[in-house]
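start.pdb, holding PDB, N, CA and C atoms:
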ATOM      1  N   MET A   1       5.923  17.281  -0.584
ATOM      2  CA  MET A   1       5.723  16.470  -1.770
ATOM      3  C   MET A   1       6.063  14.998  -1.509
ATOM      4  N   ALA A   2       6.996  14.755  -0.599
ATOM      5  CA  ALA A   2       7.410  13.381  -0.308
ATOM      6  C   ALA A   2       6.242  12.543   0.214
ATOM      7  N   TRP A   3       5.405  13.157   1.048
ATOM      8  CA  TRP A   3       4.259  12.412   1.581
ATOM      9  C   TRP A   3       3.248  12.109   0.480
ATOM     10  N   THR A   4       3.096  12.995  -0.459
ATOM     11  CA  THR A   4       2.208  12.735  -1.603
ATOM     12  C   THR A   4       2.739  11.556  -2.402
ATOM     13  N   TYR A   5       4.048  11.564  -2.665
ATOM     14  CA  TYR A   5       4.661  10.432  -3.368
ATOM     15  C   TYR A   5       4.431   9.130  -2.611
ATOM     16  N   LEU A   6       4.586   9.188  -1.300
ATOM     17  CA  LEU A   6       4.449   7.986  -0.482
ATOM     18  C   LEU A   6       3.019   7.450  -0.525
ATOM     19  N   VAL A   7       2.040   8.317  -0.433
ATOM     20  CA  VAL A   7       0.640   7.874  -0.482
ATOM     21  C   VAL A   7       0.322   7.270  -1.851
ATOM     22  N   ILE A   8       0.766   7.915  -2.914
ATOM     23  CA  ILE A   8       0.528   7.371  -4.254
ATOM     24  C   ILE A   8       1.237   6.024  -4.409
ATOM     25  N   ALA A   9       2.444   5.919  -3.885
ATOM     26  CA  ALA A   9       3.171   4.636  -3.927
ATOM     27  C   ALA A   9       2.387   3.553  -3.191
ATOM     28  N   GLY A  10       1.805   3.905  -2.052
ATOM     29  CA  GLY A  10       0.994   2.948  -1.301
ATOM     30  C   GLY A  10      -0.248   2.517  -2.066
ATOM     31  N   LEU A  11      -0.889   3.463  -2.730
ATOM     32  CA  LEU A  11      -2.068   3.131  -3.540
ATOM     33  C   LEU A  11      -1.688   2.234  -4.710
ATOM     34  N   LEU A  12      -0.543   2.508  -5.310
ATOM     35  CA  LEU A  12      -0.065   1.634  -6.389
ATOM     36  C   LEU A  12       0.287   0.245  -5.864
ATOM     37  N   GLU A  13       0.736   0.168  -4.611
ATOM     38  CA  GLU A  13       1.001  -1.145  -4.018
ATOM     39  C   GLU A  13      -0.289  -1.947  -3.924
ATOM     40  N   ILE A  14      -1.377  -1.278  -3.560
ATOM     41  CA  ILE A  14      -2.672  -1.955  -3.541
ATOM     42  C   ILE A  14      -2.983  -2.484  -4.940
ATOM     43  N   GLY A  15      -2.756  -1.634  -5.951
ATOM     44  CA  GLY A  15      -3.030  -2.036  -7.330
ATOM     45  C   GLY A  15      -2.242  -3.252  -7.765
ATOM     46  N   TRP A  16      -0.942  -3.262  -7.446
ATOM     47  CA  TRP A  16      -0.168  -4.420  -7.914
ATOM     48  C   TRP A  16      -0.437  -5.663  -7.088
ATOM     49  N   ALA A  17      -0.782  -5.483  -5.811
ATOM     50  CA  ALA A  17      -1.109  -6.658  -5.002
ATOM     51  C   ALA A  17      -2.387  -7.320  -5.508
ATOM     52  N   ILE A  18      -3.394  -6.504  -5.800
ATOM     53  CA  ILE A  18      -4.628  -7.048  -6.368
ATOM     54  C   ILE A  18      -4.356  -7.580  -7.778
ATOM     55  N   GLY A  19      -3.533  -6.861  -8.527
ATOM     56  CA  GLY A  19      -3.197  -7.292  -9.886
ATOM     57  C   GLY A  19      -2.571  -8.675  -9.937
ATOM     58  N   LEU A  20      -1.797  -9.019  -8.917
ATOM     59  CA  LEU A  20      -1.165 -10.340  -8.892
ATOM     60  C   LEU A  20      -2.193 -11.461  -9.008
ATOM     61  N   LYS A  21      -3.352 -11.246  -8.391
ATOM     62  CA  LYS A  21      -4.416 -12.256  -8.458
ATOM     63  C   LYS A  21      -4.836 -12.500  -9.913
ATOM     64  N   TYR A  22      -4.865 -11.443 -10.689
ATOM     65  CA  TYR A  22      -5.377 -11.536 -12.053
ATOM     66  C   TYR A  22      -4.315 -11.909 -13.090
ATOM     67  N   THR A  23      -3.043 -11.925 -12.690
ATOM     68  CA  THR A  23      -2.002 -12.338 -13.637
ATOM     69  C   THR A  23      -1.975 -13.853 -13.827
ATOM     70  N   GLU A  24      -2.562 -14.566 -12.861
ATOM     71  CA  GLU A  24      -2.537 -16.033 -12.857
ATOM     72  C   GLU A  24      -1.113 -16.546 -13.041
ATOM     73  N   GLY A  25      -0.243 -16.110 -12.108
ATOM     74  CA  GLY A  25       1.158 -16.524 -12.155
ATOM     75  C   GLY A  25       1.920 -15.900 -13.308
ATOM     76  N   PHE A  26       1.545 -14.687 -13.668
ATOM     77  CA  PHE A  26       2.140 -13.955 -14.795
ATOM     78  C   PHE A  26       1.972 -14.703 -16.117
ATOM     79  N   SER A  27       0.867 -15.445 -16.223
ATOM     80  CA  SER A  27       0.585 -16.159 -17.471
ATOM     81  C   SER A  27      -0.388 -15.396 -18.364
ATOM     82  N   ARG A  28      -0.977 -14.304 -17.866
ATOM     83  CA  ARG A  28      -1.891 -13.478 -18.657
ATOM     84  C   ARG A  28      -1.189 -12.156 -18.965
ATOM     85  N   LEU A  29      -1.081 -11.821 -20.236
ATOM     86  CA  LEU A  29      -0.253 -10.704 -20.682
ATOM     87  C   LEU A  29      -0.660  -9.362 -20.080
ATOM     88  N   TRP A  30      -1.872  -8.893 -20.349
ATOM     89  CA  TRP A  30      -2.216  -7.524 -19.968
ATOM     90  C   TRP A  30      -2.325  -7.324 -18.456
ATOM     91  N   PRO A  31      -2.902  -8.259 -17.708
ATOM     92  CA  PRO A  31      -2.841  -8.091 -16.250
ATOM     93  C   PRO A  31      -1.396  -8.096 -15.732
ATOM     94  N   SER A  32      -0.540  -8.885 -16.372
ATOM     95  CA  SER A  32       0.869  -8.925 -15.970
ATOM     96  C   SER A  32       1.565  -7.607 -16.273
ATOM     97  N   VAL A  33       1.301  -7.030 -17.439
ATOM     98  CA  VAL A  33       1.905  -5.751 -17.811
ATOM     99  C   VAL A  33       1.449  -4.660 -16.845
ATOM    100  N   ALA A  34       0.148  -4.606 -16.580
ATOM    101  CA  ALA A  34      -0.382  -3.591 -15.662
ATOM    102  C   ALA A  34       0.198  -3.755 -14.262
ATOM    103  N   THR A  35       0.299  -4.989 -13.801
ATOM    104  CA  THR A  35       0.845  -5.259 -12.469
ATOM    105  C   THR A  35       2.310  -4.847 -12.392
ATOM    106  N   LEU A  36       3.090  -5.196 -13.394
ATOM    107  CA  LEU A  36       4.507  -4.822 -13.400
ATOM    108  C   LEU A  36       4.690  -3.305 -13.473
ATOM    109  N   CYS A  37       3.853  -2.631 -14.246
ATOM    110  CA  CYS A  37       3.925  -1.160 -14.314
ATOM    111  C   CYS A  37       3.605  -0.541 -12.950
ATOM    112  N   ALA A  38       2.581  -1.071 -12.285
ATOM    113  CA  ALA A  38       2.232  -0.568 -10.956
ATOM    114  C   ALA A  38       3.368  -0.824  -9.962
ATOM    115  N   MET A  39       4.013  -1.979 -10.067
ATOM    116  CA  MET A  39       5.146  -2.294  -9.185
ATOM    117  C   MET A  39       6.286  -1.289  -9.386
ATOM    118  N   ILE A  40       6.638  -1.073 -10.625
ATOM    119  CA  ILE A  40       7.752  -0.169 -10.934
ATOM    120  C   ILE A  40       7.442   1.242 -10.466
ATOM    121  N   ALA A  41       6.237   1.712 -10.753
ATOM    122  CA  ALA A  41       5.853   3.061 -10.331
ATOM    123  C   ALA A  41       5.812   3.169  -8.813
ATOM    124  N   SER A  42       5.299   2.141  -8.152
ATOM    125  CA  SER A  42       5.219   2.154  -6.690
ATOM    126  C   SER A  42       6.606   2.226  -6.060
ATOM    127  N   PHE A  43       7.512   1.382  -6.534
ATOM    128  CA  PHE A  43       8.877   1.399  -6.003
ATOM    129  C   PHE A  43       9.584   2.713  -6.322
ATOM    130  N   GLY A  44       9.349   3.244  -7.515
ATOM    131  CA  GLY A  44       9.968   4.514  -7.882
ATOM    132  C   GLY A  44       9.504   5.654  -6.994
ATOM    133  N   LEU A  45       8.205   5.727  -6.739
ATOM    134  CA  LEU A  45       7.682   6.783  -5.870
ATOM    135  C   LEU A  45       8.113   6.581  -4.420
ATOM    136  N   LEU A  46       8.164   5.329  -3.977
ATOM    137  CA  LEU A  46       8.667   5.059  -2.630
ATOM    138  C   LEU A  46      10.107   5.538  -2.508
ATOM    139  N   SER A  47      10.909   5.236  -3.492
ATOM    140  CA  SER A  47      12.304   5.656  -3.493
ATOM    141  C   SER A  47      12.431   7.172  -3.444
ATOM    142  N   ALA A  48      11.602   7.871  -4.218
ATOM    143  CA  ALA A  48      11.622   9.337  -4.211
ATOM    144  C   ALA A  48      11.213   9.880  -2.847
ATOM    145  N   ALA A  49      10.206   9.270  -2.241
ATOM    146  CA  ALA A  49       9.738   9.724  -0.929
ATOM    147  C   ALA A  49      10.802   9.522   0.141
ATOM    148  N   LEU A  50      11.576   8.439   0.015
ATOM    149  CA  LEU A  50      12.583   8.127   1.036
ATOM    150  C   LEU A  50      13.803   9.047   0.981
ATOM    151  N   LYS A  51      13.856   9.927  -0.012
ATOM    152  CA  LYS A  51      14.913  10.936  -0.011
ATOM    153  C   LYS A  51      14.708  11.914   1.137
ATOM    154  N   THR A  52      13.467  12.081   1.564
ATOM    155  CA  THR A  52      13.127  13.043   2.608
ATOM    156  C   THR A  52      12.601  12.377   3.877
ATOM    157  N   ILE A  53      11.754  11.375   3.706
ATOM    158  CA  ILE A  53      11.116  10.703   4.843
ATOM    159  C   ILE A  53      12.047   9.615   5.365
ATOM    160  N   PRO A  54      12.176   9.472   6.688
ATOM    161  CA  PRO A  54      13.013   8.393   7.231
ATOM    162  C   PRO A  54      12.559   7.024   6.713
ATOM    163  N   VAL A  55      13.505   6.155   6.432
ATOM    164  CA  VAL A  55      13.204   4.875   5.789
ATOM    165  C   VAL A  55      12.251   4.032   6.632
ATOM    166  N   GLY A  56      12.416   4.000   7.937
ATOM    167  CA  GLY A  56      11.525   3.203   8.782
ATOM    168  C   GLY A  56      10.091   3.683   8.705
ATOM    169  N   THR A  57       9.918   4.982   8.764
ATOM    170  CA  THR A  57       8.581   5.575   8.670
ATOM    171  C   THR A  57       8.000   5.363   7.283
ATOM    172  N   GLY A  58       8.771   5.665   6.255
ATOM    173  CA  GLY A  58       8.278   5.537   4.887
ATOM    174  C   GLY A  58       7.881   4.120   4.537
ATOM    175  N   TYR A  59       8.733   3.173   4.883
ATOM    176  CA  TYR A  59       8.434   1.782   4.547
ATOM    177  C   TYR A  59       7.214   1.286   5.313
ATOM    178  N   ALA A  60       7.113   1.646   6.597
ATOM    179  CA  ALA A  60       5.960   1.222   7.395
ATOM    180  C   ALA A  60       4.664   1.811   6.846
ATOM    181  N   VAL A  61       4.687   3.071   6.463
ATOM    182  CA  VAL A  61       3.490   3.699   5.901
ATOM    183  C   VAL A  61       3.135   3.058   4.566
ATOM    184  N   TRP A  62       4.131   2.845   3.710
ATOM    185  CA  TRP A  62       3.897   2.236   2.397
ATOM    186  C   TRP A  62       3.268   0.850   2.541
ATOM    187  N   THR A  63       3.853   0.015   3.388
ATOM    188  CA  THR A  63       3.308  -1.328   3.563
ATOM    189  C   THR A  63       1.958  -1.288   4.266
ATOM    190  N   GLY A  64       1.777  -0.334   5.193
ATOM    191  CA  GLY A  64       0.494  -0.215   5.883
ATOM    192  C   GLY A  64      -0.628   0.144   4.923
ATOM    193  N   ILE A  65      -0.372   1.131   4.067
ATOM    194  CA  ILE A  65      -1.376   1.508   3.064
ATOM    195  C   ILE A  65      -1.676   0.307   2.163
ATOM    196  N   GLY A  66      -0.626  -0.362   1.721
ATOM    197  CA  GLY A  66      -0.811  -1.509   0.826
ATOM    198  C   GLY A  66      -1.559  -2.655   1.487
ATOM    199  N   ALA A  67      -1.167  -2.998   2.707
ATOM    200  CA  ALA A  67      -1.791  -4.125   3.399
ATOM    201  C   ALA A  67      -3.250  -3.833   3.732
ATOM    202  N   ALA A  68      -3.499  -2.664   4.325
ATOM    203  CA  ALA A  68      -4.868  -2.334   4.707
ATOM    204  C   ALA A  68      -5.748  -2.159   3.477
ATOM    205  N   GLY A  69      -5.251  -1.448   2.482
ATOM    206  CA  GLY A  69      -6.044  -1.226   1.274
ATOM    207  C   GLY A  69      -6.367  -2.509   0.539
ATOM    208  N   THR A  70      -5.383  -3.387   0.448
ATOM    209  CA  THR A  70      -5.603  -4.659  -0.237
ATOM    210  C   THR A  70      -6.628  -5.502   0.525
ATOM    211  N   ALA A  71      -6.529  -5.529   1.837
ATOM    212  CA  ALA A  71      -7.489  -6.291   2.638
ATOM    213  C   ALA A  71      -8.896  -5.709   2.518
ATOM    214  N   ILE A  72      -9.004  -4.388   2.510
ATOM    215  CA  ILE A  72     -10.317  -3.746   2.382
ATOM    216  C   ILE A  72     -10.932  -4.059   1.023
ATOM    217  N   ILE A  73     -10.146  -3.980  -0.042
ATOM    218  CA  ILE A  73     -10.659  -4.317  -1.375
ATOM    219  C   ILE A  73     -11.054  -5.788  -1.438
ATOM    220  N   GLY A  74     -10.258  -6.626  -0.813
ATOM    221  CA  GLY A  74     -10.601  -8.050  -0.769
ATOM    222  C   GLY A  74     -11.938  -8.294  -0.098
ATOM    223  N   MET A  75     -12.176  -7.579   0.992
ATOM    224  CA  MET A  75     -13.455  -7.740   1.693
ATOM    225  C   MET A  75     -14.607  -7.136   0.899
ATOM    226  N   ALA A  76     -14.374  -5.974   0.299
ATOM    227  CA  ALA A  76     -15.449  -5.256  -0.388
ATOM    228  C   ALA A  76     -15.830  -5.886  -1.727
ATOM    229  N   PHE A  77     -14.838  -6.405  -2.461
ATOM    230  CA  PHE A  77     -15.101  -6.828  -3.835
ATOM    231  C   PHE A  77     -14.768  -8.284  -4.151
ATOM    232  N   LEU A  78     -13.970  -8.929  -3.308
ATOM    233  CA  LEU A  78     -13.509 -10.278  -3.651
ATOM    234  C   LEU A  78     -14.048 -11.361  -2.721
ATOM    235  N   GLY A  79     -15.014 -10.992  -1.892
ATOM    236  CA  GLY A  79     -15.675 -11.986  -1.041
ATOM    237  C   GLY A  79     -14.855 -12.498   0.123
ATOM    238  N   GLU A  80     -13.837 -11.751   0.529
ATOM    239  CA  GLU A  80     -13.034 -12.191   1.661
ATOM    240  C   GLU A  80     -13.766 -11.925   2.972
ATOM    241  N   SER A  81     -13.354 -12.606   4.013
ATOM    242  CA  SER A  81     -13.994 -12.524   5.330
ATOM    243  C   SER A  81     -14.094 -11.086   5.833
ATOM    244  N   ARG A  82     -15.242 -10.775   6.448
ATOM    245  CA  ARG A  82     -15.479  -9.455   7.028
ATOM    246  C   ARG A  82     -15.704  -9.546   8.531
ATOM    247  N   GLU A  83     -15.082 -10.512   9.161
ATOM    248  CA  GLU A  83     -15.329 -10.673  10.591
ATOM    249  C   GLU A  83     -14.796  -9.480  11.384
ATOM    250  N   VAL A  84     -15.406  -9.244  12.518
ATOM    251  CA  VAL A  84     -15.138  -8.053  13.323
ATOM    252  C   VAL A  84     -13.665  -7.951  13.714
ATOM    253  N   LEU A  85     -13.050  -9.036  14.131
ATOM    254  CA  LEU A  85     -11.649  -8.989  14.540
ATOM    255  C   LEU A  85     -10.752  -8.543  13.386
ATOM    256  N   ARG A  86     -11.039  -8.994  12.205
ATOM    257  CA  ARG A  86     -10.254  -8.596  11.032
ATOM    258  C   ARG A  86     -10.384  -7.084  10.784
ATOM    259  N   ILE A  87     -11.588  -6.569  10.887
ATOM    260  CA  ILE A  87     -11.816  -5.142  10.692
ATOM    261  C   ILE A  87     -11.126  -4.334  11.782
ATOM    262  N   LEU A  88     -11.174  -4.789  13.021
ATOM    263  CA  LEU A  88     -10.483  -4.097  14.116
ATOM    264  C   LEU A  88      -8.972  -4.062  13.872
ATOM    265  N   CYS A  89      -8.423  -5.156  13.397
ATOM    266  CA  CYS A  89      -6.987  -5.189  13.105
ATOM    267  C   CYS A  89      -6.626  -4.223  11.973
ATOM    268  N   LEU A  90      -7.474  -4.132  10.970
ATOM    269  CA  LEU A  90      -7.240  -3.164   9.891
ATOM    270  C   LEU A  90      -7.283  -1.738  10.422
ATOM    271  N   MET A  91      -8.192  -1.477  11.360
ATOM    272  CA  MET A  91      -8.262  -0.147  11.960
ATOM    273  C   MET A  91      -6.978   0.172  12.725
ATOM    274  N   LEU A  92      -6.373  -0.832  13.346
ATOM    275  CA  LEU A  92      -5.096  -0.620  14.035
ATOM    276  C   LEU A  92      -3.988  -0.272  13.047
ATOM    277  N   ILE A  93      -3.981  -0.927  11.887
ATOM    278  CA  ILE A  93      -2.981  -0.604  10.863
ATOM    279  C   ILE A  93      -3.153   0.841  10.409
ATOM    280  N   VAL A  94      -4.380   1.226  10.120
ATOM    281  CA  VAL A  94      -4.651   2.597   9.676
ATOM    282  C   VAL A  94      -4.250   3.597  10.765
ATOM    283  N   ALA A  95      -4.574   3.297  12.014
ATOM    284  CA  ALA A  95      -4.189   4.181  13.124
ATOM    285  C   ALA A  95      -2.668   4.297  13.209
ATOM    286  N   GLY A  96      -1.961   3.204  12.982
ATOM    287  CA  GLY A  96      -0.505   3.236  13.005
ATOM    288  C   GLY A  96       0.068   4.092  11.891
ATOM    289  N   VAL A  97      -0.502   3.992  10.700
ATOM    290  CA  VAL A  97      -0.043   4.801   9.564
ATOM    291  C   VAL A  97      -0.262   6.282   9.859
ATOM    292  N   VAL A  98      -1.447   6.625  10.345
ATOM    293  CA  VAL A  98      -1.742   8.023  10.680
ATOM    294  C   VAL A  98      -0.815   8.499  11.799
ATOM    295  N   GLY A  99      -0.601   7.657  12.795
ATOM    296  CA  GLY A  99       0.298   8.009  13.898
ATOM    297  C   GLY A  99       1.713   8.263  13.422
ATOM    298  N   LEU A 100       2.204   7.442  12.514
ATOM    299  CA  LEU A 100       3.553   7.654  11.981
ATOM    300  C   LEU A 100       3.649   8.969  11.218
ATOM    301  N   LYS A 101       2.598   9.314  10.497
ATOM    302  CA  LYS A 101       2.601  10.589   9.774
ATOM    303  C   LYS A 101       2.690  11.751  10.755
ATOM    304  N   PHE A 102       1.878  11.720  11.804
ATOM    305  CA  PHE A 102       1.892  12.815  12.773
ATOM    306  C   PHE A 102       3.202  12.841  13.578
ATOM    307  N   ALA A 103       3.718  11.673  13.917
ATOM    308  CA  ALA A 103       4.974  11.613  14.649
ATOM    309  C   ALA A 103       6.123  12.143  13.793
ATOM    310  N   SER A 104       6.076  11.855  12.508
ATOM    311  CA  SER A 104       7.107  12.320  11.595
ATOM    312  C   SER A 104       7.021  13.838  11.432
ATOM    313  N   ALA A 105       5.815  14.367  11.364
ATOM    314  CA  ALA A 105       5.618  15.813  11.196
ATOM    315  C   ALA A 105       6.118  16.575  12.421
ATOM    316  N   SER A 106       5.902  16.025  13.607
ATOM    317  CA  SER A 106       6.332  16.718  14.821
ATOM    318  C   SER A 106       7.818  16.534  15.089
ATOM    319  N   GLY A 107       8.421  15.518  14.461
ATOM    320  CA  GLY A 107       9.831  15.240  14.685
ATOM    321  C   GLY A 107      10.780  16.079  13.832
ATOM    322  N   HIS A 108      10.260  16.764  12.814
ATOM    323  CA  HIS A 108      11.117  17.567  11.927
ATOM    324  C   HIS A 108      11.166  18.978  12.377
TER     325      HIS A 108
END
Taking this structure as input, can you express it in the form of structure tokens?
Amino acid sequence: MAWTYLVIAGLLEIGWAIGLKYTEGFSRLWPSVATLCAMIASFGLLSAALKTIPVGTGYAVWTGIGAAGTAIIGMAFLGESREVLRILCLMLIVAGVVGLKFASASGH
């Protein structure tokens, strides 16, 4: 269950990172409320996951999901650069997240 919490926390991190763009410095009420709710839920689920998953692994996976997901959404929907080197670097982040999951599974 801890890994499920961690993945959901990572997805919520994507939500709040993208949400920050729409809060306009927390000057817009509803985007700010949604972003803050996503932040709280993300941190809460991360905290729950870290009861079982080692902190280094959990934090790296959480930030990896958030960073890669946010960059992918930026490229797909927000007109951000799609250059090949950027995509290759994102693939390395995803490979690292998957590797940490498998390394953690074999280490227990």
Looking only at helix (DSSP H, G or I) from DSSP on the backbone, list the matching residues of stretch 15-100 of chain A as a PyMOL selection string.
chain A and resi 15-23+29-49+55-77+84-100
Give the answer as one residue: which of A:Ala68, A:Ala76, A:Ala105, A:Leu100 has the shortest atom-to-atom distance to A:Gly10, using only C-alpha atoms?
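Counting only C-alpha atoms, the residue closest to A:Gly10 is A:Ala68.
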Which residue of A:Ile18, A:Ala2, A:Val84, A:Val61 approaches A:Val98 most closely, using all atoms listed in the file:
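So, comparing all the options, the nearest one is A:Val61.
Comparing A:Leu11, A:Pro31, A:Ile72, A:Gly99 by their smallest distance to A:Ile87, the closest is A:Ile72 (using only C-alpha atoms).
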Pick out the closest residue to A:Ser47 from this set: A:Ala71, A:Leu29, A:Ala34, A:Leu6. Count only C-alpha atoms.
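Among A:Ala71, A:Leu29, A:Ala34, A:Leu6, it is A:Leu6 that comes nearest to A:Ser47.
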Could you name the residues that touch A:Cys37 at 12 Å or less, counting only C-alpha atoms, but leaving out those on the same chain fewer than 2 positions away, as a PDB file with N, CA and C atoms, in the coordinates of the input?
ATOM      1  N   ALA A   9       2.444   5.919  -3.885  1.00  0.00           N
ATOM      2  CA  ALA A   9       3.171   4.636  -3.927  1.00  0.00           C
ATOM      3  C   ALA A   9       2.387   3.553  -3.191  1.00  0.00           C
ATOM      4  N   LEU A  12      -0.543   2.508  -5.310  1.00  0.00           N
ATOM      5  CA  LEU A  12      -0.065   1.634  -6.389  1.00  0.00           C
ATOM      6  C   LEU A  12       0.287   0.245  -5.864  1.00  0.00           C
ATOM      7  N   GLU A  13       0.736   0.168  -4.611  1.00  0.00           N
ATOM      8  CA  GLU A  13       1.001  -1.145  -4.018  1.00  0.00           C
ATOM      9  C   GLU A  13      -0.289  -1.947  -3.924  1.00  0.00           C
ATOM     10  N   GLY A  15      -2.756  -1.634  -5.951  1.00  0.00           N
ATOM     11  CA  GLY A  15      -3.030  -2.036  -7.330  1.00  0.00           C
ATOM     12  C   GLY A  15      -2.242  -3.252  -7.765  1.00  0.00           C
ATOM     13  N   TRP A  16      -0.942  -3.262  -7.446  1.00  0.00           N
ATOM     14  CA  TRP A  16      -0.168  -4.420  -7.914  1.00  0.00           C
ATOM     15  C   TRP A  16      -0.437  -5.663  -7.088  1.00  0.00           C
ATOM     16  N   ALA A  17      -0.782  -5.483  -5.811  1.00  0.00           N
ATOM     17  CA  ALA A  17      -1.109  -6.658  -5.002  1.00  0.00           C
ATOM     18  C   ALA A  17      -2.387  -7.320  -5.508  1.00  0.00           C
ATOM     19  N   GLY A  19      -3.533  -6.861  -8.527  1.00  0.00           N
ATOM     20  CA  GLY A  19      -3.197  -7.292  -9.886  1.00  0.00           C
ATOM     21  C   GLY A  19      -2.571  -8.675  -9.937  1.00  0.00           C
ATOM     22  N   LEU A  20      -1.797  -9.019  -8.917  1.00  0.00           N
ATOM     23  CA  LEU A  20      -1.165 -10.340  -8.892  1.00  0.00           C
ATOM     24  C   LEU A  20      -2.193 -11.461  -9.008  1.00  0.00           C
ATOM     25  N   TRP A  30      -1.872  -8.893 -20.349  1.00  0.00           N
ATOM     26  CA  TRP A  30      -2.216  -7.524 -19.968  1.00  0.00           C
ATOM     27  C   TRP A  30      -2.325  -7.324 -18.456  1.00  0.00           C
ATOM     28  N   PRO A  31      -2.902  -8.259 -17.708  1.00  0.00           N
ATOM     29  CA  PRO A  31      -2.841  -8.091 -16.250  1.00  0.00           C
ATOM     30  C   PRO A  31      -1.396  -8.096 -15.732  1.00  0.00           C
ATOM     31  N   SER A  32      -0.540  -8.885 -16.372  1.00  0.00           N
ATOM     32  CA  SER A  32       0.869  -8.925 -15.970  1.00  0.00           C
ATOM     33  C   SER A  32       1.565  -7.607 -16.273  1.00  0.00           C
ATOM     34  N   VAL A  33       1.301  -7.030 -17.439  1.00  0.00           N
ATOM     35  CA  VAL A  33       1.905  -5.751 -17.811  1.00  0.00           C
ATOM     36  C   VAL A  33       1.449  -4.660 -16.845  1.00  0.00           C
ATOM     37  N   ALA A  34       0.148  -4.606 -16.580  1.00  0.00           N
ATOM     38  CA  ALA A  34      -0.382  -3.591 -15.662  1.00  0.00           C
ATOM     39  C   ALA A  34       0.198  -3.755 -14.262  1.00  0.00           C
ATOM     40  N   THR A  35       0.299  -4.989 -13.801  1.00  0.00           N
ATOM     41  CA  THR A  35       0.845  -5.259 -12.469  1.00  0.00           C
ATOM     42  C   THR A  35       2.310  -4.847 -12.392  1.00  0.00           C
ATOM     43  N   MET A  39       4.013  -1.979 -10.067  1.00  0.00           N
ATOM     44  CA  MET A  39       5.146  -2.294  -9.185  1.00  0.00           C
ATOM     45  C   MET A  39       6.286  -1.289  -9.386  1.00  0.00           C
ATOM     46  N   ILE A  40       6.638  -1.073 -10.625  1.00  0.00           N
ATOM     47  CA  ILE A  40       7.752  -0.169 -10.934  1.00  0.00           C
ATOM     48  C   ILE A  40       7.442   1.242 -10.466  1.00  0.00           C
ATOM     49  N   ALA A  41       6.237   1.712 -10.753  1.00  0.00           N
ATOM     50  CA  ALA A  41       5.853   3.061 -10.331  1.00  0.00           C
ATOM     51  C   ALA A  41       5.812   3.169  -8.813  1.00  0.00           C
ATOM     52  N   SER A  42       5.299   2.141  -8.152  1.00  0.00           N
ATOM     53  CA  SER A  42       5.219   2.154  -6.690  1.00  0.00           C
ATOM     54  C   SER A  42       6.606   2.226  -6.060  1.00  0.00           C
ATOM     55  N   PHE A  43       7.512   1.382  -6.534  1.00  0.00           N
ATOM     56  CA  PHE A  43       8.877   1.399  -6.003  1.00  0.00           C
ATOM     57  C   PHE A  43       9.584   2.713  -6.322  1.00  0.00           C
ATOM     58  N   GLY A  44       9.349   3.244  -7.515  1.00  0.00           N
ATOM     59  CA  GLY A  44       9.968   4.514  -7.882  1.00  0.00           C
ATOM     60  C   GLY A  44       9.504   5.654  -6.994  1.00  0.00           C
TER      61      GLY A  44
END
Using 5 Å of padding on each side, determine the axis-aligned box around all atoms of stretch 97-107 of chain A present in the file and give its centre and edge lengths in Å to one decimal, as JSON.
{"center_x": 4.5, "center_y": 10.4, "center_z": 12.3, "size_x": 22.5, "size_y": 22.7, "size_z": 15.5}
Restricting the calculation to only N, CA and C atoms: of A:Ile8, A:Ala67, A:Tyr59, A:Leu45, which residue gets closest to A:Ile93?
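Ranked by minimum distance to A:Ile93, first place goes to A:Ala67.
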Using Å and a single decimal, report how far atom C of A:Tyr22 sits from atom C of A:Val97.
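Going from atom C of A:Val97 over to atom C of A:Tyr22, I get 29.6 Å.
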Find the distance between atom C of A:Ile14 and atom C of A:Gly69 and write it in Å to one decimal.
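We find that atom C of A:Ile14 and atom C of A:Gly69 lie 6.4 Å from each other.
Here atom C of A:Leu85 is placed at a distance of 21.1 Å from atom N of A:Trp62.
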Nearest to A:Lys21 among A:Ser104, A:Thr4, A:Thr70, A:Thr63, with distances taken over only C-alpha atoms: which residue is it?
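Using only C-alpha atoms, A:Lys21 sits closest to A:Thr70.
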For stretch 24-37 of chain A in the structure I just supplied, write out C-alpha atoms - as a short mmCIF file (atom, residue, chain, number, x, y, z; two decimals), in the first residue's frame.
data_model
loop_
_atom_site.label_atom_id
_atom_site.label_comp_id
_atom_site.auth_asym_id
_atom_site.auth_seq_id
_atom_site.Cartn_x
_atom_site.Cartn_y
_atom_site.Cartn_z
CA GLU A 24 -0.79 33.79 -10.27
CA GLY A 25 1.19 34.15 -7.05
CA PHE A 26 -1.73 32.87 -4.96
CA SER A 27 -3.79 35.87 -6.07
CA ARG A 28 -6.58 33.74 -7.63
CA LEU A 29 -8.82 32.07 -5.05
CA TRP A 30 -9.96 28.77 -6.56
CA PRO A 31 -6.69 27.80 -8.28
CA SER A 32 -4.96 28.65 -4.99
CA VAL A 33 -7.38 26.50 -2.96
CA ALA A 34 -6.99 23.56 -5.35
CA THR A 35 -3.20 23.91 -5.35
CA LEU A 36 -3.00 24.06 -1.56
CA CYS A 37 -5.30 21.02 -1.23
#
